[in-house]
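Structure file input-v9.pdb; described as PDB, C-alpha atoms.
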MODEL        1
ATOM      1  CA  MET A   1       1.044 -21.001   5.879
ATOM      2  CA  ARG A   2       2.760 -20.232   2.577
ATOM      3  CA  GLU A   3       5.271 -17.386   2.626
ATOM      4  CA  GLU A   4       3.170 -15.412   0.123
ATOM      5  CA  LEU A   5       0.218 -15.436   2.559
ATOM      6  CA  ARG A   6       2.457 -14.506   5.494
ATOM      7  CA  LYS A   7       3.681 -11.483   3.542
ATOM      8  CA  ALA A   8       0.097 -10.464   2.785
ATOM      9  CA  GLU A   9      -0.948 -10.734   6.442
ATOM     10  CA  LEU A  10       2.092  -8.780   7.648
ATOM     11  CA  SER A  11       1.439  -6.001   5.129
ATOM     12  CA  TYR A  12      -2.214  -5.745   6.265
ATOM     13  CA  GLY A  13      -1.060  -5.485   9.880
ATOM     14  CA  CYS A  14       1.594  -2.882   9.150
ATOM     15  CA  VAL A  15      -0.716  -0.617   7.127
ATOM     16  CA  HIS A  16      -3.418  -1.008   9.779
ATOM     17  CA  ALA A  17      -0.959   0.048  12.499
ATOM     18  CA  ILE A  18       0.153   3.094  10.512
ATOM     19  CA  ALA A  19      -3.440   4.142   9.799
ATOM     20  CA  SER A  20      -4.332   3.696  13.479
ATOM     21  CA  LYS A  21      -1.418   5.906  14.531
ATOM     22  CA  ALA A  22      -2.635   8.591  12.109
ATOM     23  CA  GLY A  23      -6.196   8.352  13.491
ATOM     24  CA  TYR A  24      -7.905   6.574  10.593
ATOM     25  CA  THR A  25      -9.905   3.375  10.417
ATOM     26  CA  ILE A  26      -9.410   0.402   8.126
ATOM     27  CA  GLN A  27     -12.056  -1.549   6.300
ATOM     28  CA  ASN A  28     -10.730  -4.804   4.852
ATOM     29  CA  ILE A  29     -12.314  -5.828   1.578
ATOM     30  CA  ARG A  30     -13.493  -9.429   1.657
ATOM     31  CA  LEU A  31     -13.236 -10.074  -2.077
ATOM     32  CA  ASP A  32     -10.451  -8.367  -4.006
ATOM     33  CA  ILE A  33     -12.310  -8.011  -7.314
ATOM     34  CA  ASP A  34     -11.310  -4.443  -8.240
ATOM     35  CA  SER A  35      -7.680  -4.607  -7.043
ATOM     36  CA  ILE A  36      -8.631  -3.110  -3.670
ATOM     37  CA  ASP A  37      -7.533  -4.938  -0.505
ATOM     38  CA  MET A  38      -8.576  -2.335   2.054
ATOM     39  CA  THR A  39     -10.052   1.119   2.473
ATOM     40  CA  ILE A  40      -8.617   3.761   4.789
ATOM     41  CA  LYS A  41     -11.286   6.100   6.147
ATOM     42  CA  SER A  42     -11.445   9.263   8.192
ATOM     43  CA  VAL A  43     -13.820   9.138  11.124
ATOM     44  CA  GLY A  44     -14.482  12.882  10.881
ATOM     45  CA  ALA A  45     -13.959  13.424  14.603
ATOM     46  CA  ASP A  46     -13.031  17.090  14.145
ATOM     47  CA  GLY A  47     -16.450  17.907  12.692
ATOM     48  CA  THR A  48     -14.981  19.666   9.646
ATOM     49  CA  SER A  49     -13.852  16.662   7.646
ATOM     50  CA  LYS A  50     -15.702  15.424   4.605
ATOM     51  CA  ARG A  51     -14.570  11.954   5.720
ATOM     52  CA  PRO A  52     -12.007  11.301   3.000
ATOM     53  CA  THR A  53     -11.389   7.738   1.899
ATOM     54  CA  ILE A  54      -8.503   6.054   0.068
ATOM     55  CA  ASP A  55      -8.629   2.559  -1.417
ATOM     56  CA  VAL A  56      -5.460   0.470  -1.174
ATOM     57  CA  GLN A  57      -3.942  -2.365  -3.188
ATOM     58  CA  LEU A  58      -1.340  -4.097  -0.987
ATOM     59  CA  LYS A  59       1.727  -5.987  -2.126
ATOM     60  CA  CYS A  60       4.777  -7.322  -0.302
ATOM     61  CA  SER A  61       8.235  -8.185  -1.587
ATOM     62  CA  THR A  62      11.885  -8.452  -0.594
ATOM     63  CA  PRO A  63      14.799  -5.998  -1.009
ATOM     64  CA  LYS A  64      15.801  -7.539  -4.350
ATOM     65  CA  ILE A  65      13.420  -5.061  -6.057
ATOM     66  CA  VAL A  66      14.963  -2.013  -4.306
ATOM     67  CA  THR A  67      17.545   0.160  -6.062
ATOM     68  CA  ASP A  68      19.283   3.258  -4.695
ATOM     69  CA  ASN A  69      16.332   5.545  -5.317
ATOM     70  CA  GLU A  70      13.310   3.432  -6.240
ATOM     71  CA  ILE A  71      11.305   0.277  -5.723
ATOM     72  CA  ARG A  72      10.780  -1.638  -9.007
ATOM     73  CA  PHE A  73       7.682  -3.739  -8.416
ATOM     74  CA  PRO A  74       6.243  -6.004 -11.145
ATOM     75  CA  LEU A  75       2.483  -5.428 -10.875
ATOM     76  CA  LYS A  76       0.049  -7.825 -12.542
ATOM     77  CA  LEU A  77      -1.610  -6.288 -15.585
ATOM     78  CA  LYS A  78      -5.128  -6.614 -14.116
ATOM     79  CA  ASN A  79      -4.063  -4.693 -10.993
ATOM     80  CA  TYR A  80      -2.312  -2.062 -13.116
ATOM     81  CA  ASN A  81      -5.365  -1.513 -15.314
ATOM     82  CA  ASP A  82      -7.644  -1.226 -12.279
ATOM     83  CA  LEU A  83      -5.349   1.254 -10.491
ATOM     84  CA  ILE A  84      -4.822   3.590 -13.467
ATOM     85  CA  ASP A  85      -8.584   4.010 -13.927
ATOM     86  CA  SER A  86      -9.313   7.740 -13.589
ATOM     87  CA  HIS A  87     -13.090   7.189 -13.469
ATOM     88  CA  ARG A  88     -13.165   5.756  -9.959
ATOM     89  CA  LEU A  89     -14.755   8.051  -7.412
ATOM     90  CA  THR A  90     -12.488   6.969  -4.544
ATOM     91  CA  PRO A  91      -8.776   7.615  -5.008
ATOM     92  CA  GLN A  92      -6.630   4.510  -4.779
ATOM     93  CA  ILE A  93      -2.963   3.878  -4.079
ATOM     94  CA  LEU A  94      -0.576   0.976  -4.364
ATOM     95  CA  ILE A  95       1.359   0.157  -1.185
ATOM     96  CA  VAL A  96       4.357  -2.165  -1.443
ATOM     97  CA  MET A  97       5.849  -3.461   1.799
ATOM     98  CA  ILE A  98       9.477  -4.549   1.701
ATOM     99  CA  VAL A  99      10.519  -7.281   4.132
ATOM    100  CA  PRO A 100      13.834  -9.126   4.619
ATOM    101  CA  GLU A 101      14.427 -12.325   2.630
ATOM    102  CA  GLN A 102      14.394 -14.443   5.811
ATOM    103  CA  ILE A 103      11.069 -14.705   7.669
ATOM    104  CA  ASP A 104      12.885 -14.803  11.033
ATOM    105  CA  GLU A 105      14.166 -11.278  10.316
ATOM    106  CA  TRP A 106      10.773  -9.724   9.555
ATOM    107  CA  MET A 107       9.983  -8.856  13.164
ATOM    108  CA  GLU A 108      11.347  -8.710  16.707
ATOM    109  CA  ILE A 109       9.148  -8.500  19.779
ATOM    110  CA  SER A 110      10.191  -7.531  23.284
ATOM    111  CA  THR A 111       8.525  -5.963  26.298
ATOM    112  CA  GLN A 112       9.773  -2.575  25.050
ATOM    113  CA  GLU A 113       8.871  -2.664  21.378
ATOM    114  CA  ILE A 114       7.621  -4.435  18.316
ATOM    115  CA  LEU A 115      10.091  -3.898  15.488
ATOM    116  CA  ILE A 116       8.959  -4.653  11.924
ATOM    117  CA  ARG A 117      11.544  -4.624   9.146
ATOM    118  CA  HIS A 118      11.703  -2.823   6.581
ATOM    119  CA  CYS A 119       8.882  -0.470   5.534
ATOM    120  CA  CYS A 120       6.056   0.338   3.124
ATOM    121  CA  TYR A 121       6.163   2.582   0.054
ATOM    122  CA  TRP A 122       3.194   4.090  -1.771
ATOM    123  CA  LYS A 123       2.251   5.400  -5.190
ATOM    124  CA  SER A 124      -0.884   6.592  -6.957
ATOM    125  CA  LEU A 125      -1.159   5.118 -10.456
ATOM    126  CA  ARG A 126      -4.226   7.137 -11.420
ATOM    127  CA  GLY A 127      -3.935   8.532 -14.908
ATOM    128  CA  MET A 128      -0.884   6.490 -15.946
ATOM    129  CA  LYS A 129      -0.910   5.330 -19.551
ATOM    130  CA  ALA A 130      -2.443   2.066 -20.755
ATOM    131  CA  THR A 131       0.101  -0.563 -21.737
ATOM    132  CA  THR A 132       0.528  -3.182 -24.419
ATOM    133  CA  ASN A 133       2.218  -5.520 -21.933
ATOM    134  CA  SER A 134       0.475  -8.861 -21.635
ATOM    135  CA  THR A 135       1.188  -9.966 -18.058
ATOM    136  CA  SER A 136       2.649  -7.219 -15.853
ATOM    137  CA  VAL A 137       3.946  -3.661 -15.632
ATOM    138  CA  THR A 138       6.974  -2.725 -13.546
ATOM    139  CA  ILE A 139       6.043   0.167 -11.286
ATOM    140  CA  ALA A 140       8.778   2.521 -10.092
ATOM    141  CA  ILE A 141       8.105   3.914  -6.620
ATOM    142  CA  PRO A 142      10.566   6.534  -5.316
ATOM    143  CA  THR A 143      12.191   5.413  -2.059
ATOM    144  CA  ASP A 144      11.264   8.754  -0.492
ATOM    145  CA  GLN A 145       7.551   7.852  -0.762
ATOM    146  CA  ILE A 146       7.500   5.949   2.515
ATOM    147  CA  PHE A 147       4.038   5.150   3.818
ATOM    148  CA  THR A 148       4.033   6.759   7.275
ATOM    149  CA  ALA A 149       1.339   8.212   9.523
ATOM    150  CA  SER A 150       2.311  11.748   8.491
ATOM    151  CA  ALA A 151       2.367  10.826   4.782
ATOM    152  CA  LEU A 152      -1.097   9.289   5.141
ATOM    153  CA  SER A 153      -2.397  12.389   6.938
ATOM    154  CA  GLU A 154      -1.123  14.598   4.107
ATOM    155  CA  MET A 155      -2.789  12.329   1.529
ATOM    156  CA  MET A 156      -6.077  12.487   3.423
ATOM    157  CA  LYS A 157      -5.883  16.297   3.606
ATOM    158  CA  ARG A 158      -5.441  16.457  -0.176
ATOM    159  CA  VAL A 159      -8.358  14.049  -0.735
ATOM    160  CA  ASN A 160     -10.504  16.012   1.737
ATOM    161  CA  SER A 161      -9.861  19.133  -0.386
ATOM    162  CA  GLY A 162     -10.909  17.340  -3.561
ATOM    163  CA  GLY A 163      -7.415  16.421  -4.701
ATOM    164  CA  LEU A 164      -5.595  13.144  -5.193
ATOM    165  CA  PRO A 165      -3.280  11.334  -2.787
TER     166      PRO A 165
ENDMDL
END
Same coordinates, now as C-alpha cells:
Amino acid sequence: MREELRKAELSYGCVHAIASKAGYTIQNIRLDIDSIDMTIKSVGADGTSKRPTIDVQLKCSTPKIVTDNEIRFPLKLKNYNDLIDSHRLTPQILIVMIVPEQIDEWMEISTQEILIRHCCYWKSLRGMKATTNSTSVTIAIPTDQIFTASALSEMMKRVNSGGLP
C-alpha cells in the first residue's frame, strides 16, 4: 500500500479511537465529495442531548510542517473552499495527524499498550475568507489545538448548544 494511503488509514483509526474514548460514534463517508471523510455523532445516551454532529476532513503529514507554535498544512483549494462554507448545517473541522517520517516509528504494540506517534490537531475553517490562490491554502493550526477526547467533548457541548466547534 502506498504511504499516502497508510497515512489516511492510520488517521481514520486514531480519530476513531479518540471519538470512542469520548463516547461518540463514527460514520465513515464512502465518497468524499464535499471534503468530508467522516462524521462524529453523539448517541444521546444521557437523554438530554440534541445529538450533536461534527463532520471531519482528515489529513496526515510529517513533522516537517510543524513549527514551535503551529502546524502549517497546505490544504487543497477545493477542500479549503468546502470547509469555509458557512451555509452548511453541520459544523465541520479539519483534523491533521502528524506522524514520524519513518513508517516503522508510527506505532509500537506490546501486551501493555498501543503507542501511536505523534498526534492530531484540529481547526474549524468556517467563515474564513475566500482566496485568490489557485491550488492550495496553507492553514495554520495552533499546536495547543490537540484533538483529544476532552477537546472533542467540549466541541460537542458547544455544537449541542447551537455553537460552533
With the file shown as input, list the residues that the PyMOL selection byres ((chain A and resi 160) around 10) selects, as a PyMOL selection string. chain A and resi 42+48-53+154-159+161-165
Apply the PyMOL selection byres ((chain A and resi 120) around 9) to the structure shown and report the selected residues as a PDB file with C-alpha atoms, in the coordinates of the input.
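Result file follows (part.pdb):
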ATOM      1  CA  SER A  11       1.439  -6.001   5.129  1.00  0.00           C
ATOM      2  CA  CYS A  14       1.594  -2.882   9.150  1.00  0.00           C
ATOM      3  CA  VAL A  15      -0.716  -0.617   7.127  1.00  0.00           C
ATOM      4  CA  CYS A  60       4.777  -7.322  -0.302  1.00  0.00           C
ATOM      5  CA  ILE A  95       1.359   0.157  -1.185  1.00  0.00           C
ATOM      6  CA  VAL A  96       4.357  -2.165  -1.443  1.00  0.00           C
ATOM      7  CA  MET A  97       5.849  -3.461   1.799  1.00  0.00           C
ATOM      8  CA  ILE A  98       9.477  -4.549   1.701  1.00  0.00           C
ATOM      9  CA  VAL A  99      10.519  -7.281   4.132  1.00  0.00           C
ATOM     10  CA  HIS A 118      11.703  -2.823   6.581  1.00  0.00           C
ATOM     11  CA  CYS A 119       8.882  -0.470   5.534  1.00  0.00           C
ATOM     12  CA  TYR A 121       6.163   2.582   0.054  1.00  0.00           C
ATOM     13  CA  TRP A 122       3.194   4.090  -1.771  1.00  0.00           C
ATOM     14  CA  GLN A 145       7.551   7.852  -0.762  1.00  0.00           C
ATOM     15  CA  ILE A 146       7.500   5.949   2.515  1.00  0.00           C
ATOM     16  CA  PHE A 147       4.038   5.150   3.818  1.00  0.00           C
ATOM     17  CA  THR A 148       4.033   6.759   7.275  1.00  0.00           C
TER      18      THR A 148
END
When the PyMOL selection byres ((chain A and resi 85) around 9) is applied to the structure above, which residues does it catch, written out as an MDAnalysis selection string? chainID A and resid 80:84 86:88 125:128
For a quick check of your reading of the model, name the residues lying within 12 Å of the coordinate (-12.8, -3.8, -6.4), counting only C-alpha atoms, and write them as a tab-separated table (two decimals) with C-alpha atoms, in the coordinates of the input.
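See result13.tsv below for the written result:
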chain	number	residue	atom	x	y	z
A	28	ASN	CA	-10.73	-4.80	4.85
A	29	ILE	CA	-12.31	-5.83	1.58
A	30	ARG	CA	-13.49	-9.43	1.66
A	31	LEU	CA	-13.24	-10.07	-2.08
A	32	ASP	CA	-10.45	-8.37	-4.01
A	33	ILE	CA	-12.31	-8.01	-7.31
A	34	ASP	CA	-11.31	-4.44	-8.24
A	35	SER	CA	-7.68	-4.61	-7.04
A	36	ILE	CA	-8.63	-3.11	-3.67
A	37	ASP	CA	-7.53	-4.94	-0.50
A	38	MET	CA	-8.58	-2.34	2.05
A	39	THR	CA	-10.05	1.12	2.47
A	55	ASP	CA	-8.63	2.56	-1.42
A	56	VAL	CA	-5.46	0.47	-1.17
A	57	GLN	CA	-3.94	-2.37	-3.19
A	78	LYS	CA	-5.13	-6.61	-14.12
A	79	ASN	CA	-4.06	-4.69	-10.99
A	81	ASN	CA	-5.36	-1.51	-15.31
A	82	ASP	CA	-7.64	-1.23	-12.28
A	83	LEU	CA	-5.35	1.25	-10.49
A	85	ASP	CA	-8.58	4.01	-13.93
A	88	ARG	CA	-13.16	5.76	-9.96
A	90	THR	CA	-12.49	6.97	-4.54
A	92	GLN	CA	-6.63	4.51	-4.78
So how far away is CA of Met107 in chain A from CA of Leu5 in chain A, in Å? 15.8 Å
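The spacing separating CA of Lys21 in chain A from CA of Ile54 in chain A amounts to 16.1 Å.
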Contacts of Ser20 in chain A at 10 Å or less, counting all atoms listed in the file, minus same-chain residues fewer than 6 places along, as a list in words? Cys14, Ile26, Ile40 and Ala149 of chain A
Can you tell me which residues surround range 62-65 of chain A at a distance of at most 8 Å, considering only C-alpha atoms, apart from same-chain residues fewer than 6 positions away, and format the answer as an MDAnalysis selection string? chainID A and resid 71:73 98:101
Determine the nearest neighbour of His16 in chain A from the options A:Gln102, A:Lys41, A:Glu113, A:Ser134, counting only C-alpha atoms. A:Lys41
Ranking A:Arg6, A:Lys129, A:Gln112, A:Ala19 by minimum distance to Ala151 in chain A and counting all atoms listed in the file, which one comes first?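 So, comparing all the options, the nearest one is A:Ala19.
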Quick one: pull the distance between CA of Asp68 in chain A and CA of Glu105 in chain A, Å, one decimal. 21.5 Å
Set the distance at 7 Å and use all atoms listed in the file: which residues neighbour range 74-77 of chain A once local chain neighbours fewer than 5 positions away are removed? I'd like the list as a list in words. Ser134, Thr135, Ser136, Val137, Thr138 and Ile139 of chain A
Of the residues A:Asp104, A:Glu4, A:Thr132, A:Ser150, which is the one nearest to Ile116 in chain A, using all atoms listed in the file?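 Going through A:Asp104, A:Glu4, A:Thr132, A:Ser150 one by one, the smallest distance to Ile116 in chain A is for A:Asp104.
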